[in-house]
Amino acid sequence: MIRVVFLGRLAEAAGAPQIDMTLPDGVTDTGALRDWLSRTTPALNAPSVRMTLNRALLRDSCKLAAGDEVAFLPPVSGG
Amino acid sequence: MIRVQAEPFDPAAELARFAAACPTCGAIVSFTGIVRQFGDGDQINRLELQHYSGFTEPTVVGLAEAARARFAISDVAIVHRFGDFAPGEPIVFVAAAAEHRRAAFDAVDYLMDRLKTEAPFWKREVGERDARWIEARPTDHADRSRWERTE
């Protein structure tokens, strides 16, 4: 089981601010997870959307393990 | 002093506390960002600012460290709120203390440009007509890029 968090407008696109899910067969890393979730939520595949794994920014795809938290981050606006 | 918090804050009290911590500093510059009354001509009733706990805080701390490394400042403060806001409420407070004014001005300017474009907050304006997510504007990115030429 992993947790997936959708921040900002992505929560509306995904239909929930976060979901807990069992990794589907063949989905073992963050890149594959993004591809898989993008099938139903295409907004996740936008180049401007970044990902974190356990609250650290991802540059490359990383292996997923039970208990991991993955987040999808749309462009930010602080200040 | 770097804080990311839900609680309201008083910018005047933050500045007073910050100034008291450096009685020998020759220059203190502060900036307070406040929720606007109008967004794209529409009346704003409420602003929602979301953060990602455990990720937003270290990112903001990292920006403060970058400012310390880059400018000749002796201290820096950032207070950034999240949650629900009404127009007129302070969202962000940034201050820098230095021996001379230029470093303090530049550090605050730099921090605001980086907070606008890089701090992990997500902003939604709820207006009279509709609600919309706000992203950093092209001018915000242009402001941020001013600092790259000399980095």
# chains A, B, ... in the order shown; residues from 1 in each chain; ligands from 1
$ residues_around --residues "Asn45 in chain A" --least-positions-apart "4" --cutoff "8 Å" --atoms "only C-alpha atoms" --output "PyMOL selection string"
chain A and resi 34-35+38+49
$ select_by_dssp --residues "chain B" --states "helix (DSSP H, G or I)" --output "VMD selection string"
chain B and resid 11 to 20 56 to 70 101 to 118 138 to 145
$ closest_residue --among "A:Ala32, A:Ala66, A:Val27, A:Leu37" --to "Asn54 in chain A" --atoms "only C-alpha atoms"
A:Ala66
$ closest_atom_pairs --of "chain B" --to "chain A" --cutoff "6 Å" --atoms "only C-alpha atoms" --output "CSV"
residue,atom,partner,partner_atom,distance
B:Phe55,CA,A:Arg55,CA,5.2
B:Val92,CA,A:Gly79,CA,5.7
B:Leu115,CA,A:Gly78,CA,5.3
B:Lys116,CA,A:Gly78,CA,4.5
B:Thr117,CA,A:Ser77,CA,5.9
B:Ala119,CA,A:Gly78,CA,5.3
B:Pro120,CA,A:Val76,CA,5.5
B:Phe121,CA,A:Gly78,CA,5.0
B:Trp122,CA,A:Gly8,CA,5.3
B:Glu135,CA,A:Ser77,CA,5.1
B:Ala136,CA,A:Ser77,CA,5.0
$ select_by_dssp --residues "range 31-105 of chain B" --states "strand (DSSP E or B)" --output "VMD selection string"
chain B and resid 31 to 34 38 to 39 42 to 51 73 to 81 83 to 85 90 to 98
$ write_last_selection --atoms "N, CA, C and O atoms" --output "tab-separated table (two decimals), in the first residue's frame"
chain	number	residue	atom	x	y	z
B	31	PHE	N	9.41	43.17	4.43
B	31	PHE	CA	8.32	43.17	3.45
B	31	PHE	C	7.17	42.37	4.04
B	31	PHE	O	7.38	41.32	4.64
B	32	THR	N	5.95	42.88	3.87
B	32	THR	CA	4.75	42.15	4.27
B	32	THR	C	3.85	41.99	3.05
B	32	THR	O	3.53	42.98	2.39
B	33	GLY	N	3.48	40.77	2.74
B	33	GLY	CA	2.53	40.50	1.65
B	33	GLY	C	1.14	40.34	2.23
B	33	GLY	O	0.95	39.65	3.23
B	34	ILE	N	0.16	40.99	1.59
B	34	ILE	CA	-1.21	41.07	2.12
B	34	ILE	C	-2.20	40.61	1.06
B	34	ILE	O	-2.00	40.87	-0.13
B	38	PHE	N	-8.98	42.64	-4.81
B	38	PHE	CA	-9.46	42.31	-6.15
B	38	PHE	C	-8.44	41.45	-6.89
B	38	PHE	O	-7.24	41.67	-6.78
B	39	GLY	N	-8.92	40.46	-7.63
B	39	GLY	CA	-8.06	39.65	-8.47
B	39	GLY	C	-8.63	39.63	-9.87
B	39	GLY	O	-9.76	39.21	-10.07
B	42	ASP	N	-12.13	40.99	-10.28
B	42	ASP	CA	-13.20	40.36	-9.52
B	42	ASP	C	-12.95	40.55	-8.03
B	42	ASP	O	-11.81	40.46	-7.56
B	43	GLN	N	-14.02	40.82	-7.31
B	43	GLN	CA	-13.92	40.93	-5.85
B	43	GLN	C	-13.49	39.59	-5.26
B	43	GLN	O	-14.02	38.54	-5.64
B	44	ILE	N	-12.49	39.61	-4.37
B	44	ILE	CA	-12.06	38.38	-3.71
B	44	ILE	C	-12.71	38.28	-2.34
B	44	ILE	O	-12.61	39.20	-1.53
B	45	ASN	N	-13.39	37.19	-2.10
B	45	ASN	CA	-14.02	36.99	-0.80
B	45	ASN	C	-13.10	36.24	0.16
B	45	ASN	O	-13.14	36.47	1.37
B	46	ARG	N	-12.31	35.35	-0.42
B	46	ARG	CA	-11.49	34.48	0.43
B	46	ARG	C	-10.31	33.98	-0.38
B	46	ARG	O	-10.40	33.81	-1.60
B	47	LEU	N	-9.20	33.76	0.29
B	47	LEU	CA	-8.04	33.17	-0.36
B	47	LEU	C	-7.68	31.91	0.41
B	47	LEU	O	-7.61	31.93	1.64
B	48	GLU	N	-7.49	30.82	-0.32
B	48	GLU	CA	-7.04	29.58	0.32
B	48	GLU	C	-5.60	29.32	-0.08
B	48	GLU	O	-5.28	29.34	-1.27
B	49	LEU	N	-4.77	29.11	0.91
B	49	LEU	CA	-3.36	28.85	0.63
B	49	LEU	C	-3.01	27.49	1.24
B	49	LEU	O	-3.05	27.32	2.45
B	50	GLN	N	-2.69	26.56	0.35
B	50	GLN	CA	-2.39	25.19	0.80
B	50	GLN	C	-0.87	25.01	0.84
B	50	GLN	O	-0.14	25.58	0.03
B	51	HIS	N	-0.39	24.22	1.78
B	51	HIS	CA	1.02	23.87	1.79
B	51	HIS	C	1.11	22.34	1.89
B	51	HIS	O	0.08	21.67	2.01
B	73	ILE	N	24.33	39.59	4.92
B	73	ILE	CA	23.31	39.88	5.94
B	73	ILE	C	23.65	39.12	7.22
B	73	ILE	O	24.27	38.06	7.18
B	74	SER	N	23.24	39.71	8.33
B	74	SER	CA	23.55	39.06	9.60
B	74	SER	C	22.39	38.21	10.10
B	74	SER	O	22.58	37.31	10.91
B	75	ASP	N	21.18	38.49	9.60
B	75	ASP	CA	20.03	37.70	10.04
B	75	ASP	C	18.92	37.80	8.99
B	75	ASP	O	18.87	38.77	8.23
B	76	VAL	N	18.06	36.79	9.00
B	76	VAL	CA	16.92	36.79	8.09
B	76	VAL	C	15.72	36.17	8.79
B	76	VAL	O	15.89	35.29	9.64
B	77	ALA	N	14.54	36.67	8.46
B	77	ALA	CA	13.30	36.11	9.03
B	77	ALA	C	12.29	35.89	7.91
B	77	ALA	O	12.17	36.71	7.00
B	78	ILE	N	11.60	34.75	7.98
B	78	ILE	CA	10.49	34.49	7.07
B	78	ILE	C	9.34	33.91	7.90
B	78	ILE	O	9.54	32.94	8.63
B	79	VAL	N	8.17	34.53	7.81
B	79	VAL	CA	6.96	33.96	8.38
B	79	VAL	C	5.98	33.81	7.22
B	79	VAL	O	5.67	34.79	6.55
B	80	HIS	N	5.54	32.59	6.96
B	80	HIS	CA	4.61	32.35	5.86
B	80	HIS	C	3.41	31.59	6.40
B	80	HIS	O	3.56	30.53	6.99
B	81	ARG	N	2.23	32.15	6.17
B	81	ARG	CA	1.01	31.48	6.64
B	81	ARG	C	0.43	30.57	5.57
B	81	ARG	O	0.66	30.74	4.38
B	83	GLY	N	-3.59	28.35	4.95
B	83	GLY	CA	-4.96	28.27	5.46
B	83	GLY	C	-5.88	29.22	4.70
B	83	GLY	O	-5.63	29.53	3.55
B	84	ASP	N	-6.93	29.65	5.37
B	84	ASP	CA	-7.92	30.53	4.75
B	84	ASP	C	-7.72	31.97	5.19
B	84	ASP	O	-7.51	32.25	6.37
B	85	PHE	N	-7.80	32.89	4.20
B	85	PHE	CA	-7.55	34.30	4.47
B	85	PHE	C	-8.71	35.15	3.95
B	85	PHE	O	-9.33	34.82	2.95
B	90	PRO	N	-2.34	39.65	6.44
B	90	PRO	CA	-0.97	39.35	6.04
B	90	PRO	C	-0.79	37.87	5.73
B	90	PRO	O	-1.31	37.02	6.45
B	91	ILE	N	-0.07	37.59	4.63
B	91	ILE	CA	0.26	36.20	4.26
B	91	ILE	C	1.70	35.89	4.59
B	91	ILE	O	2.03	34.84	5.09
B	92	VAL	N	2.60	36.84	4.23
B	92	VAL	CA	4.02	36.55	4.34
B	92	VAL	C	4.75	37.77	4.90
B	92	VAL	O	4.39	38.92	4.61
B	93	PHE	N	5.76	37.48	5.71
B	93	PHE	CA	6.63	38.52	6.26
B	93	PHE	C	8.07	38.08	6.03
B	93	PHE	O	8.43	36.95	6.35
B	94	VAL	N	8.86	38.96	5.42
B	94	VAL	CA	10.28	38.67	5.19
B	94	VAL	C	11.09	39.85	5.69
B	94	VAL	O	10.75	41.00	5.41
B	95	ALA	N	12.14	39.58	6.43
B	95	ALA	CA	13.01	40.66	6.91
B	95	ALA	C	14.46	40.24	6.83
B	95	ALA	O	14.78	39.05	6.94
B	96	ALA	N	15.32	41.20	6.60
B	96	ALA	CA	16.76	40.96	6.60
B	96	ALA	C	17.45	42.09	7.35
B	96	ALA	O	17.06	43.25	7.25
B	97	ALA	N	18.49	41.71	8.09
B	97	ALA	CA	19.29	42.68	8.83
B	97	ALA	C	20.72	42.63	8.30
B	97	ALA	O	21.24	41.54	8.02
B	98	ALA	N	21.31	43.80	8.16
B	98	ALA	CA	22.66	43.86	7.61
B	98	ALA	C	23.39	45.08	8.17
B	98	ALA	O	22.79	45.94	8.81
$ atom_distance --atom1 "CA of Val126 in chain B" --atom2 "CA of Gly88 in chain B"
14.5 Å
$ atom_distance --atom1 "CA of Gln18 in chain A" --atom2 "CA of Arg3 in chain B"
25.2 Å
$ residues_around --residues "Gly67 in chain A" --least-positions-apart "5" --cutoff "8 Å" --atoms "only C-alpha atoms" --output "number ranges by chain"
A: 1-3
$ write_last_selection --atoms "N, CA and C atoms" --output "compact mmCIF listing (two decimals), in the first residue's frame"
# COMPACT_ATOMS: atom_id res chain seq x y z
N MET A 1 0.84 -1.20 0.00
CA MET A 1 0.00 0.00 0.00
C MET A 1 0.88 1.25 0.00
N ILE A 2 0.58 2.19 -0.88
CA ILE A 2 1.27 3.48 -0.84
C ILE A 2 0.22 4.59 -0.76
N ARG A 3 0.67 5.77 -0.38
CA ARG A 3 -0.23 6.93 -0.35
C ARG A 3 0.16 7.87 -1.49
$ residues_around --residues "Asp29 in chain A" --least-positions-apart "6" --cutoff "9 Å" --atoms "only C-alpha atoms" --output "PyMOL selection string"
chain A and resi 61-65
$ atom_distance --atom1 "CA of Asp60 in chain A" --atom2 "CA of Ile19 in chain A"
22.5 Å
$ closest_residue --among "B:Thr24, B:Asp113, B:Ala64, B:Arg17" --to "Pro138 in chain B" --atoms "only C-alpha atoms"
B:Asp113
